[in-house]
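Engineer: This is the structure I want to talk about, given as structure tokens.
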Amino acid sequence: SSSVRIAASALGVMASSKKRDAALAEFRLCQTLNAVSILIANIFVAFAPVGQIAETLAFADDVQLIKWAALVHCPCSIVYHLHLTLRCLLEDKVPQRSSATRVLDLAGTHFCCVAMGWALSHGSVLFFRANFSMNFACVISLVLRQLRGGEGGERSEHIEFLRLGVCSAIYPTAILMRGHAAAFCFSFSLLAMMGGLMCAHPLGHCLSRVPLTLYMCSLLESAAKA
């Protein structure tokens with residue numbers, strides 16, 4: 001009968017609405033946890049006891065540069081994730097990720113690639129020039145796309161993320177260049193684990209902060225050695 005169809009339709013609408021609300025709540029929770037977890041990771045790294053390593057005094061500036069680069073990027077990441085949370089609340093939908101705060105977050109990560117590459121290479125000018133050129137080109141591309149209104153959508157975002165992944169994989173090779181193969185393999189395995197978790201859903205991005213913290217500590221140890 002028509003009344004049965006109407007009731008079934010109403011139940012379907014209610015179920016769809018509940019499912020949508022649950023998805024939005026999950027998105028907001030994940031983004032909030034992403035912001036909190038990057039803050040916790042940076043606090044841990046900032047107070048990491050790397051200063052007790054015997055050779056740290058010789059390369060204290062490189063160790064501190066890695067810590068400061070991470071701390072500079074931290075608020076960029078927090079702002080981006082909280083901005084997504086706020087937009088989700090205001091727009092009542094999962095927002096597009098392309099935004100000025102996303103550019104800030106990714107550009108901050110590219111800055112870390114350059115600064116940490118310099119520290120891990122102990123000031124190799126040749127390595128710095130190559131590393132800087134690659135990351136600078138990526139940042140320019142980020143800014144230009146944002147100025148054009150974020151054209152390209154998810155496909156462009158995916159390409160930008162892949163570029164960042166390549167840059168993030170290249171700068172630790174400075175460890176290998178200095179002859180520390182075992183340290184490089186350990187750091188790279190943590191980096192790969194972090195990347196794998198970030199592709200998981202829904203809490204993978206937040207959980208990736210665990211290998212990220214270990215990765216950062218391994219970089220500090222590498223920077224402290226000749």
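In the structure tokens, chains take letters A, B, ... by order of appearance, with residues numbered from 1 within each chain and ligands from 1 in the order shown.
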Run DSSP on the backbone of this structure and report the residues of region 69-146 of chain A it assigns to alpha helix (DSSP H), as a PyMOL selection string.
Structural biologist: chain A and resi 69-91+100-120+125-146
Engineer: List the spatial neighbours of region 78-92 of chain A as an NGL selection string - criterion: any atom at most 8 Å away, only C-alpha atoms, same-chain residues fewer than 2 positions off excluded.
Structural biologist: :A and (24 or 27-29 or 31-32 or 34-36 or 38-39 or 74-76 or 94-95 or 97 or 101-102 or 104-105)
Engineer: Need to verify the contact set: Val45 (chain A), 8 Å, only C-alpha atoms, exclusion of same-chain residues closer than 3 positions in sequence. Can you return it as a list of chain:residue names?
Structural biologist: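 My reading of the contact set: A:Ala41, A:Asn42, A:Ala48, A:Lys67, A:Thr213, A:Met216, A:Cys217.
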Engineer: Take the residues from that selection and put them in a file with C-alpha atoms, as a short mmCIF file (atom, residue, chain, number, x, y, z; two decimals), in the first residue's frame.
Structural biologist:
```cif
data_model
loop_
_atom_site.label_atom_id
_atom_site.label_comp_id
_atom_site.auth_asym_id
_atom_site.auth_seq_id
_atom_site.Cartn_x
_atom_site.Cartn_y
_atom_site.Cartn_z
CA ALA A 41 54.96 13.84 18.41
CA ASN A 42 56.74 17.20 18.21
CA ALA A 48 64.43 13.69 22.83
CA LYS A 67 64.30 19.90 15.85
CA THR A 213 58.30 10.07 16.14
CA MET A 216 62.55 11.88 13.75
CA CYS A 217 64.58 10.46 16.63
#
```
Engineer: Show me a table, sorted first by chain and then by increasing residue number, of the residues of region 78-151 of chain A having an atom at most 7 Å from region 170-182 of chain A, each with its shortest atom pair and the distance in Å to one decimal, counting only C-alpha atoms and written as CSV.
Structural biologist:
```
residue,atom,partner,partner_atom,distance
A:Cys113,CA,A:Tyr171,CA,6.0
A:Gly117,CA,A:Tyr171,CA,4.8
A:Leu120,CA,A:Ala174,CA,5.6
A:Ser121,CA,A:Ala174,CA,4.9
A:Asn131,CA,A:Tyr171,CA,6.9
```
